[in-house]
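Engineer: entry.pdb is reproduced below (PDB, C-alpha atoms).
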```
ATOM      1  CA  MET A   1      65.157 173.567  43.466  1.00  0.00           C
ATOM      2  CA  SER A   2      62.370 171.061  43.028  1.00  0.00           C
ATOM      3  CA  SER A   3      59.273 169.917  44.804  1.00  0.00           C
ATOM      4  CA  LYS A   4      59.270 167.049  47.278  1.00  0.00           C
ATOM      5  CA  GLY A   5      59.953 163.665  45.700  1.00  0.00           C
ATOM      6  CA  ALA A   6      61.824 162.850  42.535  1.00  0.00           C
ATOM      7  CA  GLY A   7      62.268 165.877  40.338  1.00  0.00           C
ATOM      8  CA  THR A   8      64.084 167.455  37.487  1.00  0.00           C
ATOM      9  CA  VAL A   9      65.182 171.036  37.217  1.00  0.00           C
ATOM     10  CA  SER A  10      67.036 172.534  34.274  1.00  0.00           C
ATOM     11  CA  GLY A  11      67.735 176.218  34.561  1.00  0.00           C
ATOM     12  CA  GLY A  12      64.105 176.978  35.350  1.00  0.00           C
ATOM     13  CA  SER A  13      62.676 174.446  32.898  1.00  0.00           C
ATOM     14  CA  SER A  14      61.710 170.863  33.649  1.00  0.00           C
ATOM     15  CA  GLU A  15      62.447 169.752  30.098  1.00  0.00           C
ATOM     16  CA  PRO A  16      65.631 167.743  29.511  1.00  0.00           C
ATOM     17  CA  PRO A  17      67.837 168.812  26.636  1.00  0.00           C
ATOM     18  CA  ASP A  18      67.032 167.454  23.207  1.00  0.00           C
ATOM     19  CA  ALA A  19      69.890 165.054  22.428  1.00  0.00           C
ATOM     20  CA  ASP A  20      69.706 165.768  18.689  1.00  0.00           C
ATOM     21  CA  THR A  21      70.031 169.550  18.954  1.00  0.00           C
ATOM     22  CA  ARG A  22      72.208 169.877  22.042  1.00  0.00           C
ATOM     23  CA  GLY A  23      74.907 167.255  21.520  1.00  0.00           C
ATOM     24  CA  ARG A  24      75.869 164.809  24.207  1.00  0.00           C
ATOM     25  CA  THR A  25      74.722 165.011  27.795  1.00  0.00           C
ATOM     26  CA  PHE A  26      77.315 163.891  30.348  1.00  0.00           C
ATOM     27  CA  LEU A  27      75.810 162.676  33.642  1.00  0.00           C
ATOM     28  CA  CYS A  28      77.721 163.051  36.934  1.00  0.00           C
ATOM     29  CA  VAL A  29      76.532 161.777  40.300  1.00  0.00           C
ATOM     30  CA  VAL A  30      76.946 164.539  42.887  1.00  0.00           C
ATOM     31  CA  ASP A  31      78.030 163.344  46.297  1.00  0.00           C
ATOM     32  CA  GLU A  32      80.513 164.168  49.042  1.00  0.00           C
ATOM     33  CA  THR A  33      83.406 162.139  47.583  1.00  0.00           C
ATOM     34  CA  GLN A  34      86.705 163.677  46.533  1.00  0.00           C
ATOM     35  CA  GLU A  35      86.595 161.999  43.124  1.00  0.00           C
ATOM     36  CA  LEU A  36      83.567 164.096  42.163  1.00  0.00           C
ATOM     37  CA  HIS A  37      86.018 166.875  41.272  1.00  0.00           C
ATOM     38  CA  GLN A  38      87.763 164.795  38.604  1.00  0.00           C
ATOM     39  CA  ALA A  39      84.549 163.408  37.126  1.00  0.00           C
ATOM     40  CA  LEU A  40      82.950 166.851  37.018  1.00  0.00           C
ATOM     41  CA  ARG A  41      85.953 168.546  35.424  1.00  0.00           C
ATOM     42  CA  TYR A  42      86.206 165.845  32.764  1.00  0.00           C
ATOM     43  CA  ALA A  43      82.461 165.992  31.997  1.00  0.00           C
ATOM     44  CA  CYS A  44      82.482 169.791  31.788  1.00  0.00           C
ATOM     45  CA  ARG A  45      85.486 169.897  29.466  1.00  0.00           C
ATOM     46  CA  ARG A  46      83.999 167.214  27.206  1.00  0.00           C
ATOM     47  CA  ALA A  47      80.663 169.049  27.143  1.00  0.00           C
ATOM     48  CA  ARG A  48      82.365 172.321  26.195  1.00  0.00           C
ATOM     49  CA  HIS A  49      84.389 170.700  23.408  1.00  0.00           C
ATOM     50  CA  THR A  50      81.453 168.737  21.961  1.00  0.00           C
ATOM     51  CA  LYS A  51      78.800 171.453  22.339  1.00  0.00           C
ATOM     52  CA  GLY A  52      77.052 169.216  24.853  1.00  0.00           C
ATOM     53  CA  ARG A  53      75.870 169.651  28.412  1.00  0.00           C
ATOM     54  CA  VAL A  54      76.343 168.277  31.855  1.00  0.00           C
ATOM     55  CA  ALA A  55      73.586 166.681  33.904  1.00  0.00           C
ATOM     56  CA  LEU A  56      73.856 166.320  37.669  1.00  0.00           C
ATOM     57  CA  LEU A  57      72.171 163.647  39.767  1.00  0.00           C
ATOM     58  CA  TYR A  58      71.906 164.175  43.516  1.00  0.00           C
ATOM     59  CA  VAL A  59      70.214 161.463  45.515  1.00  0.00           C
ATOM     60  CA  ILE A  60      68.891 162.188  48.984  1.00  0.00           C
ATOM     61  CA  GLU A  61      69.239 158.900  50.801  1.00  0.00           C
ATOM     62  CA  PRO A  62      66.543 157.807  53.256  1.00  0.00           C
ATOM     63  CA  VAL A  63      66.826 158.997  56.842  1.00  0.00           C
ATOM     64  CA  GLU A  64      67.719 156.059  59.086  1.00  0.00           C
ATOM     65  CA  PHE A  65      66.348 157.603  62.292  1.00  0.00           C
ATOM     66  CA  GLN A  66      62.591 156.956  62.317  1.00  0.00           C
ATOM     67  CA  HIS A  67      61.647 156.759  66.031  1.00  0.00           C
ATOM     68  CA  TRP A  68      59.790 160.031  66.057  1.00  0.00           C
ATOM     69  CA  MET A  69      58.009 160.997  62.868  1.00  0.00           C
ATOM     70  CA  ALA A  70      58.456 164.758  63.387  1.00  0.00           C
ATOM     71  CA  VAL A  71      62.202 164.359  63.897  1.00  0.00           C
ATOM     72  CA  GLY A  72      62.420 162.172  60.797  1.00  0.00           C
ATOM     73  CA  HIS A  73      60.605 164.806  58.710  1.00  0.00           C
ATOM     74  CA  LEU A  74      62.863 167.550  60.018  1.00  0.00           C
ATOM     75  CA  MET A  75      65.967 165.508  59.182  1.00  0.00           C
ATOM     76  CA  ALA A  76      64.655 164.824  55.671  1.00  0.00           C
ATOM     77  CA  GLU A  77      63.966 168.524  55.108  1.00  0.00           C
ATOM     78  CA  GLU A  78      67.464 169.432  56.277  1.00  0.00           C
ATOM     79  CA  ARG A  79      68.944 166.878  53.853  1.00  0.00           C
ATOM     80  CA  ARG A  80      66.926 168.387  50.988  1.00  0.00           C
ATOM     81  CA  GLU A  81      68.193 171.880  51.860  1.00  0.00           C
ATOM     82  CA  GLN A  82      71.777 170.570  51.962  1.00  0.00           C
ATOM     83  CA  ALA A  83      71.250 168.922  48.570  1.00  0.00           C
ATOM     84  CA  GLU A  84      69.967 172.134  47.046  1.00  0.00           C
ATOM     85  CA  GLU A  85      72.851 174.166  48.501  1.00  0.00           C
ATOM     86  CA  MET A  86      75.420 171.699  47.199  1.00  0.00           C
ATOM     87  CA  LEU A  87      73.775 171.609  43.777  1.00  0.00           C
ATOM     88  CA  GLN A  88      73.875 175.401  43.567  1.00  0.00           C
ATOM     89  CA  VAL A  89      77.626 175.338  44.175  1.00  0.00           C
ATOM     90  CA  VAL A  90      78.244 172.455  41.764  1.00  0.00           C
ATOM     91  CA  SER A  91      75.970 174.043  39.135  1.00  0.00           C
ATOM     92  CA  SER A  92      77.995 177.260  39.239  1.00  0.00           C
ATOM     93  CA  VAL A  93      81.179 175.243  38.686  1.00  0.00           C
ATOM     94  CA  VAL A  94      79.552 173.466  35.736  1.00  0.00           C
ATOM     95  CA  GLN A  95      78.393 176.789  34.277  1.00  0.00           C
ATOM     96  CA  LYS A  96      81.916 178.188  34.550  1.00  0.00           C
ATOM     97  CA  LEU A  97      83.719 175.141  33.123  1.00  0.00           C
ATOM     98  CA  SER A  98      81.255 174.037  30.443  1.00  0.00           C
ATOM     99  CA  GLY A  99      79.626 177.315  29.470  1.00  0.00           C
ATOM    100  CA  THR A 100      76.109 175.890  29.898  1.00  0.00           C
ATOM    101  CA  THR A 101      73.618 175.525  32.709  1.00  0.00           C
ATOM    102  CA  PRO A 102      73.439 171.907  33.861  1.00  0.00           C
ATOM    103  CA  VAL A 103      70.359 169.728  33.923  1.00  0.00           C
ATOM    104  CA  VAL A 104      69.728 168.862  37.574  1.00  0.00           C
ATOM    105  CA  TYR A 105      67.989 165.739  38.856  1.00  0.00           C
ATOM    106  CA  ILE A 106      67.145 165.457  42.550  1.00  0.00           C
ATOM    107  CA  ARG A 107      65.887 162.063  43.608  1.00  0.00           C
ATOM    108  CA  GLU A 108      65.099 160.402  46.910  1.00  0.00           C
ATOM    109  CA  GLY A 109      66.047 156.812  47.674  1.00  0.00           C
ATOM    110  CA  LYS A 110      69.133 154.653  47.346  1.00  0.00           C
ATOM    111  CA  VAL A 111      71.802 156.093  45.018  1.00  0.00           C
ATOM    112  CA  ILE A 112      72.259 152.955  42.943  1.00  0.00           C
ATOM    113  CA  ASP A 113      68.515 152.424  42.497  1.00  0.00           C
ATOM    114  CA  GLN A 114      67.909 156.044  41.504  1.00  0.00           C
ATOM    115  CA  LEU A 115      70.861 156.053  39.085  1.00  0.00           C
ATOM    116  CA  GLU A 116      69.596 152.918  37.360  1.00  0.00           C
ATOM    117  CA  GLN A 117      66.073 154.333  37.157  1.00  0.00           C
ATOM    118  CA  LEU A 118      67.304 157.631  35.710  1.00  0.00           C
ATOM    119  CA  LEU A 119      69.459 155.890  33.107  1.00  0.00           C
ATOM    120  CA  SER A 120      66.542 153.718  32.022  1.00  0.00           C
ATOM    121  CA  THR A 121      64.053 156.588  31.698  1.00  0.00           C
ATOM    122  CA  GLU A 122      66.019 159.634  30.488  1.00  0.00           C
ATOM    123  CA  LYS A 123      66.908 159.040  26.853  1.00  0.00           C
ATOM    124  CA  ALA A 124      68.696 162.421  26.574  1.00  0.00           C
ATOM    125  CA  LEU A 125      71.577 161.156  28.724  1.00  0.00           C
ATOM    126  CA  SER A 126      74.539 160.117  26.586  1.00  0.00           C
ATOM    127  CA  ILE A 127      77.474 159.227  28.850  1.00  0.00           C
ATOM    128  CA  LEU A 128      77.797 158.455  32.558  1.00  0.00           C
ATOM    129  CA  VAL A 129      80.979 160.005  33.987  1.00  0.00           C
ATOM    130  CA  LEU A 130      82.216 158.671  37.323  1.00  0.00           C
ATOM    131  CA  GLY A 131      85.339 159.341  39.343  1.00  0.00           C
ATOM    132  CA  ALA A 132      87.292 156.414  40.786  1.00  0.00           C
ATOM    133  CA  ALA A 133      88.566 156.747  44.335  1.00  0.00           C
ATOM    134  CA  ALA A 134      92.254 157.672  44.498  1.00  0.00           C
ATOM    135  CA  GLY A 135      94.694 155.694  46.617  1.00  0.00           C
ATOM    136  CA  SER A 136      92.247 152.948  47.440  1.00  0.00           C
ATOM    137  CA  GLU A 137      91.930 149.263  46.646  1.00  0.00           C
ATOM    138  CA  GLN A 138      88.239 149.841  45.934  1.00  0.00           C
ATOM    139  CA  PRO A 139      87.153 152.126  43.077  1.00  0.00           C
ATOM    140  CA  GLY A 140      84.225 153.557  45.063  1.00  0.00           C
ATOM    141  CA  ARG A 141      80.693 152.435  45.833  1.00  0.00           C
ATOM    142  CA  ILE A 142      79.049 153.642  42.630  1.00  0.00           C
ATOM    143  CA  VAL A 143      81.925 152.659  40.320  1.00  0.00           C
ATOM    144  CA  GLY A 144      82.012 149.176  41.849  1.00  0.00           C
ATOM    145  CA  HIS A 145      78.303 148.692  41.279  1.00  0.00           C
ATOM    146  CA  VAL A 146      78.354 150.086  37.744  1.00  0.00           C
ATOM    147  CA  MET A 147      81.292 147.836  36.791  1.00  0.00           C
ATOM    148  CA  LYS A 148      79.191 144.782  37.683  1.00  0.00           C
ATOM    149  CA  ARG A 149      76.334 146.002  35.458  1.00  0.00           C
ATOM    150  CA  LEU A 150      78.179 147.425  32.438  1.00  0.00           C
ATOM    151  CA  GLY A 151      76.570 145.019  29.989  1.00  0.00           C
ATOM    152  CA  LYS A 152      73.093 146.032  31.119  1.00  0.00           C
ATOM    153  CA  LEU A 153      73.538 149.809  30.929  1.00  0.00           C
ATOM    154  CA  SER A 154      72.013 151.767  28.071  1.00  0.00           C
ATOM    155  CA  ILE A 155      74.850 154.325  27.766  1.00  0.00           C
ATOM    156  CA  PRO A 156      78.659 154.272  27.810  1.00  0.00           C
ATOM    157  CA  VAL A 157      80.523 154.889  31.061  1.00  0.00           C
ATOM    158  CA  THR A 158      83.686 156.952  31.469  1.00  0.00           C
ATOM    159  CA  ILE A 159      85.634 156.382  34.677  1.00  0.00           C
ATOM    160  CA  VAL A 160      88.086 159.149  35.534  1.00  0.00           C
ATOM    161  CA  PRO A 161      90.901 158.182  37.921  1.00  0.00           C
ATOM    162  CA  GLY A 162      90.704 160.185  41.126  1.00  0.00           C
ATOM    163  CA  SER A 163      94.467 160.674  41.098  1.00  0.00           C
ATOM    164  CA  LEU A 164      94.476 162.826  37.924  1.00  0.00           C
ATOM    165  CA  SER A 165      95.371 166.490  38.288  1.00  0.00           C
ATOM    166  CA  ASP A 166      93.390 169.256  36.608  1.00  0.00           C
ATOM    167  CA  SER A 167      96.103 169.669  33.967  1.00  0.00           C
ATOM    168  CA  GLU A 168      96.088 165.928  33.239  1.00  0.00           C
ATOM    169  CA  ILE A 169      92.305 165.975  32.847  1.00  0.00           C
ATOM    170  CA  ASP A 170      92.536 169.036  30.602  1.00  0.00           C
ATOM    171  CA  ALA A 171      95.078 167.259  28.410  1.00  0.00           C
ATOM    172  CA  ILE A 172      92.808 164.255  27.768  1.00  0.00           C
ATOM    173  CA  SER A 173      89.502 166.030  27.520  1.00  0.00           C
TER
END
```
When written as structure tokens, how does the structure in this file appear?

Structural biologist:
Amino acid sequence: MSSKGAGTVSGGSSEPPDADTRGRTFLCVVDETQELHQALRYACRRARHTKGRVALLYVIEPVEFQHWMAVGHLMAEERREQAEEMLQVVSSVVQKLSGTTPVVYIREGKVIDQLEQLLSTEKALSILVLGAAAGSEQPGRIVGHVMKRLGKLSIPVTIVPGSLSDSEIDAIS
């Protein structure tokens, strides 16, 4: 999908959508959590109804195992391949639900750091959409962090409860 390091891919183009001509861009953080489904569905439905788009951020976290450099490089490459495979699947879901090809950002580092950096540099992003963990006392790692920094963010945040069904999300979006 993109070259090594931080990158941006958008349906074959590295240019982000123009916010003035494309409508709103709804950013979702792609990870392995169950609440991604709710956040993604909400973002896609809102994008379709507002003639906007969905942007996806996938962060490849650093490999902890660093004893042997060759093993560390192999593990990092495998994580990148997994990221690209997951983004292909999620991108096809976005295409189906929103009717547009998503903007895809692949970054390497800590999720929170990369999210903050992306939000501060990409002016085309309009709304951050996150899913809250269902059935848990804690809303989730990213939601918890974002809640502490709401006043410092440059865009609005929508938090979709992880307990909502597809029909409930459809009704509010």

Engineer: Where does the PyMOL selection byres ((chain A and resi 57) around 9) land in this file, that is, which residues does it pick, as a PyMOL selection string?

Structural biologist: chain A and resi 27-31+55-56+58-59+103-107+114-115+118

Engineer: Show which residues sit within 7 Å of stretch 80-90 of chain A, as a list of chain:residue names. Count only C-alpha atoms, and ignore same-chain residues fewer than 4 positions away.

Structural biologist: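 Final neighbour list, sorted by chain and number: A:Met1, A:Tyr58, A:Ile60, A:Ala76, A:Val94.
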
Engineer: Of the residues A:Thr158, A:Ser173, A:Ser91, A:Thr100, which is the one nearest to A:Gly131, using only C-alpha atoms?

Structural biologist: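 Of all the options, A:Thr158 lies closest to A:Gly131.
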
Engineer: Can you tell me which residues surround A:His37 at a distance of at most 12 Å, considering all atoms listed in the file, apart from same-chain residues fewer than 2 positions away, and format the answer as a count of residues only?

Structural biologist: 32

Engineer: Tell me which of A:Asp113, A:Glu77, A:Glu137, A:Glu168 sits closest to A:Gln38, counting only C-alpha atoms.

Structural biologist: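 Going through A:Asp113, A:Glu77, A:Glu137, A:Glu168 one by one, the smallest distance to A:Gln38 is for A:Glu168.
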
Engineer: What is the distance between atom CA of A:Arg79 and atom CA of A:Pro62, in Å to one decimal?

Structural biologist: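 Going from atom CA of A:Arg79 over to atom CA of A:Pro62, I get 9.4 Å.
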
Engineer: Anything within 8 Å of (75.0, 156.7, 31.2): list those residues as a PyMOL selection string, counting all atoms listed in the file and sticking to the file's coordinates.

Structural biologist: chain A and resi 26-27+119+125-129+153-157

Engineer: Report, in Å with one decimal, the straight-line distance from atom CA of A:Val146 to atom CA of A:Glu116.

Structural biologist: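 Pair atom CA of A:Val146 / atom CA of A:Glu116 returns 9.2 Å.
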
Engineer: If you measure from atom CA of A:Glu78 to atom CA of A:Glu122, what distance in Å do you get, rounded to one decimal?

Structural biologist: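 Calculated distance between atom CA of A:Glu78 and atom CA of A:Glu122 is 27.6 Å.
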
Engineer: So that I can check the surroundings of A:Thr50, please list as an NGL selection string every protein, DNA and RNA residue that reaches within 8 Å of it, counting only C-alpha atoms and ignoring chain neighbours fewer than 4 positions away.

Structural biologist: :A and (23-24 or 46)

Engineer: Would you mind writing stretch 68-98 of chain A with N, CA and C atoms, as an mmCIF file, in the frame of the given file?

Structural biologist:
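This is the output file part_14.cif:
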```
data_model
loop_
_atom_site.group_PDB
_atom_site.id
_atom_site.type_symbol
_atom_site.label_atom_id
_atom_site.label_comp_id
_atom_site.auth_asym_id
_atom_site.auth_seq_id
_atom_site.Cartn_x
_atom_site.Cartn_y
_atom_site.Cartn_z
ATOM 1 N N TRP A 68 60.812 159.006 65.944
ATOM 2 C CA TRP A 68 59.790 160.031 66.057
ATOM 3 C C TRP A 68 59.562 160.623 64.684
ATOM 4 N N MET A 69 58.355 160.567 64.222
ATOM 5 C CA MET A 69 58.009 160.997 62.868
ATOM 6 C C MET A 69 58.397 162.450 62.623
ATOM 7 N N ALA A 70 58.146 163.334 63.570
ATOM 8 C CA ALA A 70 58.456 164.758 63.387
ATOM 9 C C ALA A 70 59.958 164.964 63.225
ATOM 10 N N VAL A 71 60.749 164.247 64.005
ATOM 11 C CA VAL A 71 62.202 164.359 63.897
ATOM 12 C C VAL A 71 62.661 163.840 62.542
ATOM 13 N N GLY A 72 62.084 162.736 62.102
ATOM 14 C CA GLY A 72 62.420 162.172 60.797
ATOM 15 C C GLY A 72 62.112 163.142 59.668
ATOM 16 N N HIS A 73 60.968 163.817 59.735
ATOM 17 C CA HIS A 73 60.605 164.806 58.710
ATOM 18 C C HIS A 73 61.559 165.994 58.720
ATOM 19 N N LEU A 74 61.929 166.435 59.900
ATOM 20 C CA LEU A 74 62.863 167.550 60.018
ATOM 21 C C LEU A 74 64.223 167.171 59.428
ATOM 22 N N MET A 75 64.688 165.973 59.726
ATOM 23 C CA MET A 75 65.967 165.508 59.182
ATOM 24 C C MET A 75 65.908 165.410 57.660
ATOM 25 N N ALA A 76 64.804 164.938 57.126
ATOM 26 C CA ALA A 76 64.655 164.824 55.671
ATOM 27 C C ALA A 76 64.656 166.207 55.022
ATOM 28 N N GLU A 77 63.996 167.158 55.644
ATOM 29 C CA GLU A 77 63.966 168.524 55.108
ATOM 30 C C GLU A 77 65.354 169.156 55.126
ATOM 31 N N GLU A 78 66.096 168.920 56.199
ATOM 32 C CA GLU A 78 67.464 169.432 56.277
ATOM 33 C C GLU A 78 68.343 168.825 55.191
ATOM 34 N N ARG A 79 68.174 167.542 54.910
ATOM 35 C CA ARG A 79 68.944 166.878 53.853
ATOM 36 C C ARG A 79 68.600 167.462 52.485
ATOM 37 N N ARG A 80 67.337 167.780 52.259
ATOM 38 C CA ARG A 80 66.926 168.387 50.988
ATOM 39 C C ARG A 80 67.565 169.767 50.838
ATOM 40 N N GLU A 81 67.568 170.558 51.908
ATOM 41 C CA GLU A 81 68.193 171.880 51.860
ATOM 42 C C GLU A 81 69.689 171.768 51.586
ATOM 43 N N GLN A 82 70.355 170.792 52.220
ATOM 44 C CA GLN A 82 71.777 170.570 51.962
ATOM 45 C C GLN A 82 72.006 170.178 50.505
ATOM 46 N N ALA A 83 71.140 169.342 49.976
ATOM 47 C CA ALA A 83 71.250 168.922 48.570
ATOM 48 C C ALA A 83 71.140 170.122 47.650
ATOM 49 N N GLU A 84 70.168 170.971 47.906
ATOM 50 C CA GLU A 84 69.967 172.134 47.046
ATOM 51 C C GLU A 84 71.135 173.108 47.141
ATOM 52 N N GLU A 85 71.690 173.288 48.341
ATOM 53 C CA GLU A 85 72.851 174.166 48.501
ATOM 54 C C GLU A 85 74.057 173.607 47.744
ATOM 55 N N MET A 86 74.287 172.310 47.892
ATOM 56 C CA MET A 86 75.420 171.699 47.199
ATOM 57 C C MET A 86 75.239 171.786 45.686
ATOM 58 N N LEU A 87 74.030 171.546 45.218
ATOM 59 C CA LEU A 87 73.775 171.609 43.777
ATOM 60 C C LEU A 87 73.944 173.020 43.228
ATOM 61 N N GLN A 88 73.641 174.032 44.013
ATOM 62 C CA GLN A 88 73.875 175.401 43.567
ATOM 63 C C GLN A 88 75.361 175.648 43.361
ATOM 64 N N VAL A 89 76.178 175.171 44.293
ATOM 65 C CA VAL A 89 77.626 175.338 44.175
ATOM 66 C C VAL A 89 78.157 174.561 42.974
ATOM 67 N N VAL A 90 77.768 173.295 42.871
ATOM 68 C CA VAL A 90 78.244 172.455 41.764
ATOM 69 C C VAL A 90 77.739 172.998 40.426
ATOM 70 N N SER A 91 76.514 173.476 40.374
ATOM 71 C CA SER A 91 75.970 174.043 39.135
ATOM 72 C C SER A 91 76.752 175.266 38.683
ATOM 73 N N SER A 92 77.197 176.085 39.623
ATOM 74 C CA SER A 92 77.995 177.260 39.239
ATOM 75 C C SER A 92 79.349 176.837 38.684
ATOM 76 N N VAL A 93 79.923 175.776 39.223
ATOM 77 C CA VAL A 93 81.179 175.243 38.686
ATOM 78 C C VAL A 93 80.950 174.719 37.267
ATOM 79 N N VAL A 94 79.873 173.995 37.065
ATOM 80 C CA VAL A 94 79.552 173.466 35.736
ATOM 81 C C VAL A 94 79.360 174.605 34.748
ATOM 82 N N GLN A 95 78.625 175.625 35.145
ATOM 83 C CA GLN A 95 78.393 176.789 34.277
ATOM 84 C C GLN A 95 79.721 177.419 33.858
ATOM 85 N N LYS A 96 80.616 177.568 34.821
ATOM 86 C CA LYS A 96 81.916 178.188 34.550
ATOM 87 C C LYS A 96 82.771 177.324 33.623
ATOM 88 N N LEU A 97 82.836 176.024 33.884
ATOM 89 C CA LEU A 97 83.719 175.141 33.123
ATOM 90 C C LEU A 97 83.152 174.709 31.766
ATOM 91 N N SER A 98 81.839 174.545 31.689
ATOM 92 C CA SER A 98 81.255 174.037 30.443
ATOM 93 C C SER A 98 80.632 175.128 29.584
#
```
